[in-house]
$ cat input.cif   # mmCIF, C-alpha atoms and all ligand atoms
data_model
#
loop_
_atom_site.group_PDB
_atom_site.id
_atom_site.type_symbol
_atom_site.label_atom_id
_atom_site.label_comp_id
_atom_site.auth_asym_id
_atom_site.auth_seq_id
_atom_site.Cartn_x
_atom_site.Cartn_y
_atom_site.Cartn_z
ATOM 1 C CA MET A 190 0.000 0.000 0.000
ATOM 2 C CA SER A 191 1.283 3.463 -0.889
ATOM 3 C CA GLU A 192 2.604 5.546 1.994
ATOM 4 C CA VAL A 193 1.318 8.762 0.403
ATOM 5 C CA PRO A 194 -1.333 10.224 2.737
ATOM 6 C CA VAL A 195 -4.960 10.556 1.630
ATOM 7 C CA LEU A 196 -7.162 13.562 2.388
ATOM 8 C CA LEU A 197 -10.942 13.674 1.959
ATOM 9 C CA VAL A 198 -12.347 17.169 1.392
ATOM 10 C CA THR A 199 -16.127 17.388 1.577
ATOM 11 C CA GLY A 200 -17.400 20.047 -0.804
ATOM 12 C CA GLY A 201 -14.018 19.997 -2.515
ATOM 13 C CA SER A 202 -15.371 21.020 -5.903
ATOM 14 C CA ARG A 203 -15.758 24.770 -5.399
ATOM 15 C CA GLY A 204 -14.753 27.696 -3.185
ATOM 16 C CA ILE A 205 -12.748 26.995 -0.036
ATOM 17 C CA GLY A 206 -12.878 23.214 -0.543
ATOM 18 C CA ALA A 207 -11.451 23.472 -4.062
ATOM 19 C CA ALA A 208 -8.600 25.648 -2.782
ATOM 20 C CA VAL A 209 -7.908 23.144 0.014
ATOM 21 C CA SER A 210 -7.905 20.257 -2.491
ATOM 22 C CA ILE A 211 -5.513 21.949 -4.924
ATOM 23 C CA ILE A 212 -3.090 23.239 -2.266
ATOM 24 C CA ALA A 213 -3.159 19.897 -0.410
ATOM 25 C CA ALA A 214 -2.245 18.036 -3.601
ATOM 26 C CA GLY A 215 0.674 20.408 -4.089
ATOM 27 C CA ARG A 216 1.872 19.534 -0.598
ATOM 28 C CA GLY A 217 1.903 15.797 -1.138
ATOM 29 C CA TRP A 218 -1.600 14.631 -0.246
ATOM 30 C CA ARG A 219 -3.631 12.351 -2.477
ATOM 31 C CA VAL A 220 -7.025 14.041 -2.516
ATOM 32 C CA VAL A 221 -10.631 12.891 -2.586
ATOM 33 C CA VAL A 222 -12.736 15.742 -3.972
ATOM 34 C CA ASN A 223 -16.284 15.247 -2.713
ATOM 35 C CA TYR A 224 -19.142 17.147 -4.329
ATOM 36 C CA ALA A 225 -22.929 17.157 -4.153
ATOM 37 C CA ALA A 226 -24.158 18.040 -7.638
ATOM 38 C CA ASN A 227 -21.589 19.963 -9.659
ATOM 39 C CA ARG A 228 -19.690 17.147 -11.361
ATOM 40 C CA GLU A 229 -18.005 19.526 -13.832
ATOM 41 C CA ALA A 230 -16.516 21.655 -11.067
ATOM 42 C CA ALA A 231 -15.212 18.555 -9.263
ATOM 43 C CA ASP A 232 -13.719 17.223 -12.499
ATOM 44 C CA ARG A 233 -11.998 20.578 -13.074
ATOM 45 C CA VAL A 234 -10.351 20.415 -9.626
ATOM 46 C CA VAL A 235 -9.220 16.825 -10.240
ATOM 47 C CA ALA A 236 -7.873 17.771 -13.691
ATOM 48 C CA GLU A 237 -5.932 20.732 -12.255
ATOM 49 C CA ILE A 238 -4.382 18.488 -9.594
ATOM 50 C CA LYS A 239 -3.428 15.827 -12.135
ATOM 51 C CA ALA A 240 -1.994 18.407 -14.548
ATOM 52 C CA ALA A 241 0.330 19.513 -11.742
ATOM 53 C CA GLY A 242 1.460 15.907 -11.183
ATOM 54 C CA GLY A 243 -0.798 15.141 -8.204
ATOM 55 C CA GLU A 244 -3.322 12.381 -7.575
ATOM 56 C CA ALA A 245 -7.038 12.968 -6.978
ATOM 57 C CA ILE A 246 -10.457 11.451 -7.534
ATOM 58 C CA ALA A 247 -13.947 12.973 -7.390
ATOM 59 C CA ILE A 248 -16.692 11.240 -5.404
ATOM 60 C CA GLN A 249 -20.313 12.368 -5.467
ATOM 61 C CA ALA A 250 -22.121 12.194 -2.131
ATOM 62 C CA ASP A 251 -24.633 14.450 -0.418
ATOM 63 C CA VAL A 252 -23.373 14.888 3.152
ATOM 64 C CA GLY A 253 -26.996 15.499 4.090
ATOM 65 C CA ASN A 254 -27.622 11.805 3.367
ATOM 66 C CA ALA A 255 -26.216 9.282 5.860
ATOM 67 C CA ALA A 256 -26.179 6.360 3.395
ATOM 68 C CA GLU A 257 -24.260 8.404 0.825
ATOM 69 C CA ILE A 258 -21.651 9.312 3.469
ATOM 70 C CA VAL A 259 -21.105 5.618 4.233
ATOM 71 C CA SER A 260 -20.792 4.809 0.509
ATOM 72 C CA MET A 261 -18.316 7.654 0.020
ATOM 73 C CA PHE A 262 -15.973 6.393 2.744
ATOM 74 C CA GLN A 263 -16.276 2.849 1.370
ATOM 75 C CA ALA A 264 -15.311 4.186 -2.061
ATOM 76 C CA VAL A 265 -12.231 5.827 -0.496
ATOM 77 C CA ASP A 266 -11.344 2.480 1.130
ATOM 78 C CA GLY A 267 -11.721 0.747 -2.211
ATOM 79 C CA HIS A 268 -9.682 3.254 -4.183
ATOM 80 C CA PHE A 269 -6.897 4.257 -1.795
ATOM 81 C CA GLY A 270 -7.113 1.750 1.073
ATOM 82 C CA ARG A 271 -6.229 4.400 3.637
ATOM 83 C CA LEU A 272 -7.370 7.738 5.053
ATOM 84 C CA ASP A 273 -5.155 10.251 6.862
ATOM 85 C CA GLY A 274 -7.142 13.469 6.904
ATOM 86 C CA LEU A 275 -10.664 14.851 6.662
ATOM 87 C CA VAL A 276 -11.715 18.424 5.969
ATOM 88 C CA ASN A 277 -15.371 18.839 6.931
ATOM 89 C CA ASN A 278 -15.939 21.732 4.542
ATOM 90 C CA ALA A 279 -19.269 21.095 2.758
ATOM 91 C CA GLY A 280 -21.814 23.592 3.981
ATOM 92 C CA ILE A 281 -24.758 25.718 2.895
ATOM 93 C CA VAL A 282 -26.430 29.005 3.697
ATOM 94 C CA ASP A 283 -29.965 29.984 2.694
ATOM 95 C CA MET A 284 -31.881 33.121 1.758
ATOM 96 C CA PRO A 285 -31.736 35.926 4.340
ATOM 97 C CA GLN A 286 -34.680 35.497 6.709
ATOM 98 C CA ARG A 287 -35.629 36.392 10.243
ATOM 99 C CA ILE A 288 -36.108 33.412 12.519
ATOM 100 C CA ASP A 289 -39.862 34.099 12.708
ATOM 101 C CA GLU A 290 -40.022 33.560 8.931
ATOM 102 C CA MET A 291 -38.071 30.278 8.782
ATOM 103 C CA SER A 292 -39.785 27.000 7.910
ATOM 104 C CA ALA A 293 -39.049 23.767 9.727
ATOM 105 C CA GLU A 294 -37.882 22.315 6.387
ATOM 106 C CA ARG A 295 -35.274 25.034 5.952
ATOM 107 C CA VAL A 296 -33.865 24.660 9.456
ATOM 108 C CA GLU A 297 -33.864 20.861 9.243
ATOM 109 C CA ARG A 298 -31.927 20.967 5.935
ATOM 110 C CA MET A 299 -29.430 23.470 7.325
ATOM 111 C CA MET A 300 -28.717 21.270 10.336
ATOM 112 C CA ARG A 301 -28.717 18.014 8.342
ATOM 113 C CA ILE A 302 -26.057 19.210 5.896
ATOM 114 C CA ASN A 303 -23.950 21.505 8.106
ATOM 115 C CA VAL A 304 -24.114 19.647 11.430
ATOM 116 C CA THR A 305 -25.259 16.033 11.024
ATOM 117 C CA GLY A 306 -23.167 15.638 7.880
ATOM 118 C CA SER A 307 -20.017 16.866 9.622
ATOM 119 C CA ILE A 308 -20.612 14.654 12.664
ATOM 120 C CA LEU A 309 -21.235 11.546 10.545
ATOM 121 C CA CYS A 310 -18.197 12.208 8.335
ATOM 122 C CA ALA A 311 -16.063 12.689 11.456
ATOM 123 C CA GLY A 312 -17.340 9.360 12.803
ATOM 124 C CA GLU A 313 -16.428 7.537 9.579
ATOM 125 C CA ALA A 314 -12.977 9.155 9.605
ATOM 126 C CA VAL A 315 -12.369 8.237 13.260
ATOM 127 C CA ARG A 316 -13.282 4.610 12.528
ATOM 128 C CA ARG A 317 -10.456 4.582 9.980
ATOM 129 C CA MET A 318 -7.808 6.837 11.566
ATOM 130 C CA SER A 319 -8.043 6.304 15.339
ATOM 131 C CA THR A 320 -5.459 3.968 16.872
ATOM 132 C CA ARG A 321 -8.368 2.580 18.902
ATOM 133 C CA HIS A 322 -9.667 1.127 15.648
ATOM 134 C CA GLY A 323 -6.256 -0.018 14.406
ATOM 135 C CA GLY A 324 -5.630 3.154 12.393
ATOM 136 C CA LYS A 325 -2.382 5.099 12.112
ATOM 137 C CA GLY A 326 -3.759 8.432 13.353
ATOM 138 C CA GLY A 327 -4.650 11.490 11.343
ATOM 139 C CA ALA A 328 -6.145 14.958 11.453
ATOM 140 C CA ILE A 329 -9.586 16.489 11.024
ATOM 141 C CA VAL A 330 -10.232 20.139 10.236
ATOM 142 C CA ASN A 331 -13.801 21.395 10.507
ATOM 143 C CA ILE A 332 -14.876 24.537 8.676
ATOM 144 C CA SER A 333 -16.900 26.666 11.051
ATOM 145 C CA SER A 334 -17.623 30.369 10.483
ATOM 146 C CA MET A 335 -17.289 33.701 12.256
ATOM 147 C CA ALA A 336 -21.105 33.504 12.196
ATOM 148 C CA ALA A 337 -20.759 31.142 15.185
ATOM 149 C CA LYS A 338 -19.569 34.145 17.212
ATOM 150 C CA LEU A 339 -21.474 36.956 15.459
ATOM 151 C CA GLY A 340 -24.861 35.186 15.119
ATOM 152 C CA SER A 341 -25.799 36.527 11.632
ATOM 153 C CA PRO A 342 -28.871 38.492 12.827
ATOM 154 C CA GLY A 343 -31.332 39.295 10.046
ATOM 155 C CA GLN A 344 -29.504 37.023 7.595
ATOM 156 C CA TYR A 345 -29.340 33.428 8.804
ATOM 157 C CA VAL A 346 -29.325 32.784 12.522
ATOM 158 C CA ASP A 347 -29.937 29.100 11.707
ATOM 159 C CA TYR A 348 -26.643 28.982 9.792
ATOM 160 C CA ALA A 349 -24.826 30.701 12.664
ATOM 161 C CA ALA A 350 -26.270 28.154 15.094
ATOM 162 C CA SER A 351 -25.153 25.306 12.819
ATOM 163 C CA LYS A 352 -21.610 26.685 12.853
ATOM 164 C CA ALA A 353 -21.625 27.099 16.645
ATOM 165 C CA ALA A 354 -22.385 23.367 16.708
ATOM 166 C CA ILE A 355 -19.254 22.814 14.599
ATOM 167 C CA ASP A 356 -17.203 24.672 17.226
ATOM 168 C CA ALA A 357 -18.592 22.419 19.982
ATOM 169 C CA LEU A 358 -18.020 19.324 17.836
ATOM 170 C CA THR A 359 -14.399 20.382 17.378
ATOM 171 C CA ILE A 360 -13.729 20.860 21.089
ATOM 172 C CA GLY A 361 -15.517 17.703 22.203
ATOM 173 C CA LEU A 362 -14.189 15.382 19.525
ATOM 174 C CA ALA A 363 -10.648 16.718 19.942
ATOM 175 C CA ARG A 364 -10.706 15.796 23.623
ATOM 176 C CA GLU A 365 -12.514 12.508 23.027
ATOM 177 C CA ILE A 366 -9.828 11.149 20.706
ATOM 178 C CA ALA A 367 -6.755 13.167 21.689
ATOM 179 C CA ALA A 368 -5.003 10.015 22.949
ATOM 180 C CA GLU A 369 -5.847 8.070 19.776
ATOM 181 C CA GLY A 370 -3.511 9.821 17.335
ATOM 182 C CA VAL A 371 -6.159 12.028 15.733
ATOM 183 C CA ARG A 372 -6.076 15.824 16.070
ATOM 184 C CA VAL A 373 -9.277 17.823 15.525
ATOM 185 C CA ASN A 374 -9.268 21.555 14.878
ATOM 186 C CA ALA A 375 -11.451 24.146 13.181
ATOM 187 C CA ILE A 376 -11.180 27.287 11.117
ATOM 188 C CA ARG A 377 -13.653 30.146 11.416
ATOM 189 C CA PRO A 378 -13.551 31.943 8.055
ATOM 190 C CA GLY A 379 -14.877 35.503 7.905
ATOM 191 C CA ILE A 380 -16.220 36.934 4.647
ATOM 192 C CA ILE A 381 -14.585 34.896 1.894
ATOM 193 C CA ASP A 382 -15.103 35.606 -1.795
ATOM 194 C CA THR A 383 -16.822 32.413 -3.038
ATOM 195 C CA GLU A 384 -20.105 31.460 -4.725
ATOM 196 C CA ILE A 385 -21.774 30.650 -1.374
ATOM 197 C CA HIS A 386 -23.071 34.226 -1.107
ATOM 198 C CA ALA A 387 -24.869 33.978 -4.464
ATOM 199 C CA SER A 388 -26.411 30.691 -3.314
ATOM 200 C CA GLY A 389 -27.854 32.648 -0.371
ATOM 201 C CA GLY A 390 -29.308 35.264 -2.736
ATOM 202 C CA LEU A 391 -26.600 37.882 -2.025
ATOM 203 C CA PRO A 392 -24.080 37.649 -4.914
ATOM 204 C CA ASP A 393 -22.325 40.901 -3.914
ATOM 205 C CA ARG A 394 -22.161 40.079 -0.191
ATOM 206 C CA ALA A 395 -18.380 39.628 -0.046
ATOM 207 C CA ARG A 396 -17.755 43.015 -1.687
ATOM 208 C CA ASP A 397 -20.580 44.778 0.178
ATOM 209 C CA MET A 398 -19.354 43.582 3.582
ATOM 210 C CA ALA A 399 -15.732 44.657 2.980
ATOM 211 C CA PRO A 400 -16.065 47.947 4.929
ATOM 212 C CA SER A 401 -17.113 45.966 8.034
ATOM 213 C CA VAL A 402 -13.883 43.958 7.929
ATOM 214 C CA PRO A 403 -10.955 45.572 9.792
ATOM 215 C CA MET A 404 -8.686 44.649 6.871
ATOM 216 C CA GLN A 405 -11.260 46.291 4.542
ATOM 217 C CA ARG A 406 -11.478 43.373 2.120
ATOM 218 C CA PRO A 407 -12.981 39.893 1.806
ATOM 219 C CA GLY A 408 -10.638 36.931 2.144
ATOM 220 C CA ARG A 409 -9.628 34.585 -0.643
ATOM 221 C CA ALA A 410 -10.376 30.867 -0.518
ATOM 222 C CA GLU A 411 -6.624 30.207 -0.707
ATOM 223 C CA GLU A 412 -6.065 32.218 2.470
ATOM 224 C CA VAL A 413 -8.431 29.882 4.322
ATOM 225 C CA ALA A 414 -6.925 26.820 2.649
ATOM 226 C CA ASP A 415 -3.407 27.720 3.795
ATOM 227 C CA ALA A 416 -4.615 27.742 7.409
ATOM 228 C CA VAL A 417 -6.382 24.392 6.904
ATOM 229 C CA LEU A 418 -3.198 22.860 5.478
ATOM 230 C CA TYR A 419 -1.212 24.144 8.450
ATOM 231 C CA LEU A 420 -3.594 22.474 10.916
ATOM 232 C CA LEU A 421 -3.411 19.224 8.919
ATOM 233 C CA SER A 422 0.380 19.282 8.851
ATOM 234 C CA PRO A 423 2.972 17.906 11.301
ATOM 235 C CA ALA A 424 3.845 21.560 12.043
ATOM 236 C CA ALA A 425 0.627 21.564 14.112
ATOM 237 C CA SER A 426 1.452 18.300 15.907
ATOM 238 C CA TYR A 427 0.629 19.642 19.411
ATOM 239 C CA ILE A 428 -2.509 21.540 18.367
ATOM 240 C CA THR A 429 -5.897 19.936 18.956
ATOM 241 C CA GLY A 430 -9.248 21.434 19.918
ATOM 242 C CA ALA A 431 -8.160 24.813 18.528
ATOM 243 C CA ILE A 432 -10.438 27.107 16.538
ATOM 244 C CA LEU A 433 -8.580 29.596 14.367
ATOM 245 C CA ASP A 434 -10.261 32.769 13.078
ATOM 246 C CA VAL A 435 -9.288 33.542 9.470
ATOM 247 C CA SER A 436 -11.333 36.689 9.129
ATOM 248 C CA GLY A 437 -9.217 39.765 8.470
ATOM 249 C CA GLY A 438 -9.715 40.836 12.086
ATOM 250 C CA ARG A 439 -13.516 40.677 12.000
HETATM 251 P P1 LIG A 501 -19.327 27.262 -1.936
HETATM 252 O O1 LIG A 501 -18.438 28.094 -2.789
HETATM 253 O O2 LIG A 501 -20.806 27.438 -2.024
HETATM 254 O O3 LIG A 501 -18.959 25.710 -2.188
HETATM 255 C C1 LIG A 501 -19.675 24.756 -1.471
HETATM 256 C C2 LIG A 501 -19.081 23.400 -1.720
HETATM 257 O O4 LIG A 501 -19.768 22.456 -0.872
HETATM 258 C C3 LIG A 501 -19.276 22.905 -3.134
HETATM 259 O O5 LIG A 501 -18.163 22.101 -3.464
HETATM 260 C C4 LIG A 501 -20.551 22.090 -3.047
HETATM 261 O O6 LIG A 501 -20.646 21.044 -3.997
HETATM 262 C C5 LIG A 501 -20.386 21.472 -1.675
HETATM 263 N N1 LIG A 501 -21.645 21.070 -1.063
HETATM 264 C C6 LIG A 501 -22.740 21.830 -0.803
HETATM 265 N N2 LIG A 501 -23.707 21.078 -0.246
HETATM 266 C C7 LIG A 501 -23.206 19.823 -0.169
HETATM 267 C C8 LIG A 501 -23.728 18.584 0.282
HETATM 268 N N3 LIG A 501 -24.977 18.491 0.772
HETATM 269 N N4 LIG A 501 -22.943 17.487 0.209
HETATM 270 C C9 LIG A 501 -21.687 17.556 -0.303
HETATM 271 N N5 LIG A 501 -21.143 18.703 -0.749
HETATM 272 C C10 LIG A 501 -21.905 19.805 -0.685
HETATM 273 O O7 LIG A 501 -18.986 27.442 -0.390
HETATM 274 P P2 LIG A 501 -17.681 28.048 0.343
HETATM 275 O O8 LIG A 501 -17.866 29.497 0.503
HETATM 276 O O9 LIG A 501 -16.455 27.504 -0.262
HETATM 277 O O10 LIG A 501 -17.911 27.423 1.795
HETATM 278 C C11 LIG A 501 -17.227 26.262 2.248
HETATM 279 C C12 LIG A 501 -17.408 26.161 3.746
HETATM 280 O O11 LIG A 501 -16.899 27.352 4.355
HETATM 281 C C13 LIG A 501 -18.862 26.037 4.198
HETATM 282 O O12 LIG A 501 -18.957 25.168 5.285
HETATM 283 C C14 LIG A 501 -19.202 27.460 4.627
HETATM 284 O O13 LIG A 501 -20.233 27.488 5.582
HETATM 285 C C15 LIG A 501 -17.880 27.891 5.207
HETATM 286 N N6 LIG A 501 -17.732 29.354 5.270
HETATM 287 C C16 LIG A 501 -17.722 30.108 4.147
HETATM 288 C C17 LIG A 501 -17.591 31.487 4.267
HETATM 289 C C18 LIG A 501 -17.575 32.404 3.077
HETATM 290 O O14 LIG A 501 -17.671 33.630 3.262
HETATM 291 N N7 LIG A 501 -17.466 31.897 1.860
HETATM 292 C C19 LIG A 501 -17.450 32.069 5.533
HETATM 293 C C20 LIG A 501 -17.467 31.265 6.641
HETATM 294 C C21 LIG A 501 -17.597 29.899 6.508
HETATM 295 P P3 LIG A 501 -21.324 21.276 -5.465
HETATM 296 O O15 LIG A 501 -20.265 21.952 -6.298
HETATM 297 O O16 LIG A 501 -21.649 19.918 -5.964
HETATM 298 O O17 LIG A 501 -22.513 22.139 -5.254
#
$ encode --input "input.cif" --output "structure tokens"
Amino acid sequence: MSEVPVLLVTGGSRGIGAAVSIIAAGRGWRVVVNYAANREAADRVVAEIKAAGGEAIAIQADVGNAAEIVSMFQAVDGHFGRLDGLVNNAGIVDMPQRIDEMSAERVERMMRINVTGSILCAGEAVRRMSTRHGGKGGAIVNISSMAAKLGSPGQYVDYAASKAAIDALTIGLAREIAAEGVRVNAIRPGIIDTEIHASGGLPDRARDMAPSVPMQRPGRAEEVADAVLYLLSPAASYITGAILDVSGGR
């Protein structure tokens, strides 16, 4: 079996996840680019990695679907036979709404994809990486949001609550498996220039919010990815349960 480490990036086809996938491949990871629906975007990321001499595959799975998560990890087992890192990056926002306007369906979907999906993916990764299960150890990085601290009033309090759950997941899981060779950390991105804002009905949000950022600009996906790669790397070998703000001071 190859000794080259394998990283699974959920939502690796676009935005922050795509940047993580491409930078990780450049730093010696073999990469699994997960996506939900946009096959072309995932294929583009895989092609870019391969053109640069790296190794990657795309796997479709909706992290809001427990059975698809199980199948995805089984596909990783079948293709690479090992797993060394997980980036729980897949996540959604929704249209700006007050909480007294939100439907149960909206909130349930938000939590299913952002929270349940991350917890179930972490569980699958722990079953493969933890020394308790015969694994060689590894690292998990969860993508939270500054919304967990700021609350996103008037936009999406449900999203903010889902990201606060990611912070708690990070702290609890880090402590739960700290002695089993697996480190668990999180990044809280601020306003990052990706397509997520358009998917929440606010295509200009990154530019419009720039004046509220102390650094006066949105972040780039690569700036988040660099922090993710640091937390995955041996340079962060004594860091677990940490949550790093990558937010231009916001
Ligand atoms: P994005 O540009 O909208 O990309 C989202 C990615 O997640 C895509 O690859 C998408 O796949 C995938 N995805 C969405 N739903 C999925 C599902 N149910 N199952 C599997 N994959 C799914 O988003 P982004 O801005 O890069 O955000 C990435 C993460 O950073 C999210 O967790 C987000 O909450 C967090 N974040 C972003 C910002 C920001 O300002 N951008 C700030 C704070 C936190 P398809 O291509 O198939 O749709």
$ residues_around --input "input.cif" --residues "Val402 of chain A" --least-positions-apart "3" --cutoff "10 Å" --atoms "all atoms listed in the file" --output "PyMOL selection string"
chain A and resi 379-380+398-399+405-408+436-439
$ residues_near_ligand --input "input.cif" --ligand "ligand LIG 501 (chain A)" --cutoff "8 Å" --atoms "all atoms listed in the file" --output "mmCIF file with C-alpha atoms, in the frame of the given file"
data_model
loop_
_atom_site.group_PDB
_atom_site.id
_atom_site.type_symbol
_atom_site.label_atom_id
_atom_site.label_comp_id
_atom_site.auth_asym_id
_atom_site.auth_seq_id
_atom_site.Cartn_x
_atom_site.Cartn_y
_atom_site.Cartn_z
ATOM 1 C CA THR A 199 -16.127 17.388 1.577
ATOM 2 C CA GLY A 200 -17.400 20.047 -0.804
ATOM 3 C CA GLY A 201 -14.018 19.997 -2.515
ATOM 4 C CA SER A 202 -15.371 21.020 -5.903
ATOM 5 C CA ARG A 203 -15.758 24.770 -5.399
ATOM 6 C CA GLY A 204 -14.753 27.696 -3.185
ATOM 7 C CA ILE A 205 -12.748 26.995 -0.036
ATOM 8 C CA GLY A 206 -12.878 23.214 -0.543
ATOM 9 C CA ALA A 207 -11.451 23.472 -4.062
ATOM 10 C CA ASN A 223 -16.284 15.247 -2.713
ATOM 11 C CA TYR A 224 -19.142 17.147 -4.329
ATOM 12 C CA ALA A 225 -22.929 17.157 -4.153
ATOM 13 C CA ALA A 226 -24.158 18.040 -7.638
ATOM 14 C CA ASN A 227 -21.589 19.963 -9.659
ATOM 15 C CA ARG A 228 -19.690 17.147 -11.361
ATOM 16 C CA ALA A 230 -16.516 21.655 -11.067
ATOM 17 C CA ALA A 231 -15.212 18.555 -9.263
ATOM 18 C CA GLN A 249 -20.313 12.368 -5.467
ATOM 19 C CA ALA A 250 -22.121 12.194 -2.131
ATOM 20 C CA ASP A 251 -24.633 14.450 -0.418
ATOM 21 C CA VAL A 252 -23.373 14.888 3.152
ATOM 22 C CA GLY A 253 -26.996 15.499 4.090
ATOM 23 C CA ASN A 254 -27.622 11.805 3.367
ATOM 24 C CA ASN A 277 -15.371 18.839 6.931
ATOM 25 C CA ASN A 278 -15.939 21.732 4.542
ATOM 26 C CA ALA A 279 -19.269 21.095 2.758
ATOM 27 C CA GLY A 280 -21.814 23.592 3.981
ATOM 28 C CA ILE A 281 -24.758 25.718 2.895
ATOM 29 C CA VAL A 282 -26.430 29.005 3.697
ATOM 30 C CA ILE A 302 -26.057 19.210 5.896
ATOM 31 C CA ASN A 303 -23.950 21.505 8.106
ATOM 32 C CA GLY A 306 -23.167 15.638 7.880
ATOM 33 C CA ILE A 332 -14.876 24.537 8.676
ATOM 34 C CA SER A 333 -16.900 26.666 11.051
ATOM 35 C CA SER A 334 -17.623 30.369 10.483
ATOM 36 C CA MET A 335 -17.289 33.701 12.256
ATOM 37 C CA ALA A 336 -21.105 33.504 12.196
ATOM 38 C CA TYR A 348 -26.643 28.982 9.792
ATOM 39 C CA LYS A 352 -21.610 26.685 12.853
ATOM 40 C CA ARG A 377 -13.653 30.146 11.416
ATOM 41 C CA PRO A 378 -13.551 31.943 8.055
ATOM 42 C CA GLY A 379 -14.877 35.503 7.905
ATOM 43 C CA ILE A 380 -16.220 36.934 4.647
ATOM 44 C CA ILE A 381 -14.585 34.896 1.894
ATOM 45 C CA ASP A 382 -15.103 35.606 -1.795
ATOM 46 C CA THR A 383 -16.822 32.413 -3.038
ATOM 47 C CA GLU A 384 -20.105 31.460 -4.725
ATOM 48 C CA ILE A 385 -21.774 30.650 -1.374
ATOM 49 C CA HIS A 386 -23.071 34.226 -1.107
ATOM 50 C CA SER A 388 -26.411 30.691 -3.314
ATOM 51 C CA ALA A 395 -18.380 39.628 -0.046
ATOM 52 C CA PRO A 407 -12.981 39.893 1.806
ATOM 53 C CA GLY A 408 -10.638 36.931 2.144
ATOM 54 C CA ALA A 410 -10.376 30.867 -0.518
#
$ atom_distance --input "input.cif" --atom1 "atom CA of Gly324 of chain A" --atom2 "atom CA of Gly242 of chain A"
27.7 Å
$ residues_near_point --input "input.cif" --point "(-17.4, 8.0, 4.2)" --cutoff "9 Å" --atoms "only C-alpha atoms" --output "PyMOL selection string"
chain A and resi 197+250+256-266+309-314
$ closest_residue --input "input.cif" --among "A:Pro285, A:Gly430, A:Gly274, A:Gly243" --to "Ile360 of chain A" --atoms "all atoms listed in the file"
A:Gly430
$ resolve_selection --input "input.cif" --expression "the PyMOL selection byres (((chain A and resi 366) around 10) and not hetatm)" --output "list of chain:residue names"
A:Val315, A:Ser319, A:Thr320, A:Arg321, A:Gly326, A:Gly361, A:Leu362, A:Ala363, A:Arg364, A:Glu365, A:Ala367, A:Ala368, A:Glu369, A:Gly370, A:Val371, A:Arg372, A:Val373, A:Thr429
$ atom_distance --input "input.cif" --atom1 "atom CA of Glu192 of chain A" --atom2 "atom CA of Ser210 of chain A"
18.6 Å
$ closest_residue --input "input.cif" --among "A:Val435, A:Ala240, A:Leu418, A:Ala357" --to "Val209 of chain A" --atoms "only C-alpha atoms"
A:Leu418
$ closest_residue --input "input.cif" --among "A:Ile212, A:Met404, A:Ile288, A:Val220" --to "Ser341 of chain A" --atoms "all atoms listed in the file"
A:Ile288
$ atom_distance --input "input.cif" --atom1 "atom CA of Arg295 of chain A" --atom2 "atom CA of Asp393 of chain A"
22.7 Å
$ residues_near_point --input "input.cif" --point "(-30.2, 29.9, 14.2)" --cutoff "12 Å" --atoms "all atoms listed in the file" --output "compact mmCIF listing (two decimals) with C-alpha atoms, in the frame of the given file"
# COMPACT_ATOMS: atom_id res chain seq x y z
CA VAL A 282 -26.43 29.00 3.70
CA ASP A 283 -29.96 29.98 2.69
CA PRO A 285 -31.74 35.93 4.34
CA GLN A 286 -34.68 35.50 6.71
CA ARG A 287 -35.63 36.39 10.24
CA ILE A 288 -36.11 33.41 12.52
CA ASP A 289 -39.86 34.10 12.71
CA GLU A 290 -40.02 33.56 8.93
CA MET A 291 -38.07 30.28 8.78
CA SER A 292 -39.78 27.00 7.91
CA ALA A 293 -39.05 23.77 9.73
CA ARG A 295 -35.27 25.03 5.95
CA VAL A 296 -33.86 24.66 9.46
CA GLU A 297 -33.86 20.86 9.24
CA MET A 299 -29.43 23.47 7.32
CA MET A 300 -28.72 21.27 10.34
CA ALA A 336 -21.10 33.50 12.20
CA ALA A 337 -20.76 31.14 15.18
CA LYS A 338 -19.57 34.15 17.21
CA LEU A 339 -21.47 36.96 15.46
CA GLY A 340 -24.86 35.19 15.12
CA SER A 341 -25.80 36.53 11.63
CA PRO A 342 -28.87 38.49 12.83
CA GLY A 343 -31.33 39.30 10.05
CA GLN A 344 -29.50 37.02 7.60
CA TYR A 345 -29.34 33.43 8.80
CA VAL A 346 -29.32 32.78 12.52
CA ASP A 347 -29.94 29.10 11.71
CA TYR A 348 -26.64 28.98 9.79
CA ALA A 349 -24.83 30.70 12.66
CA ALA A 350 -26.27 28.15 15.09
CA SER A 351 -25.15 25.31 12.82
CA LYS A 352 -21.61 26.68 12.85
CA ALA A 353 -21.62 27.10 16.64
CA ALA A 354 -22.38 23.37 16.71
$ axis_aligned_box --input "input.cif" --around "segment 272-276 of chain A" --padding-each-side "6 Å" --output "JSON"
{"center_x": -8.4, "center_y": 13.1, "center_z": 6.0, "size_x": 18.6, "size_y": 22.7, "size_z": 13.9}
$ resolve_selection --input "input.cif" --expression "the PyMOL selection byres (((chain A and resi 433) around 9) and not hetatm)" --output "list in words"
Asn374, Ala375, Ile376, Arg377, Pro378, Ala416, Ala431, Ile432, Asp434 and Val435 of chain A
$ closest_residue --input "input.cif" --among "A:Ile211, A:Met190, A:Ala328, A:Ala236" --to "Gly267 of chain A" --atoms "only C-alpha atoms"
A:Met190
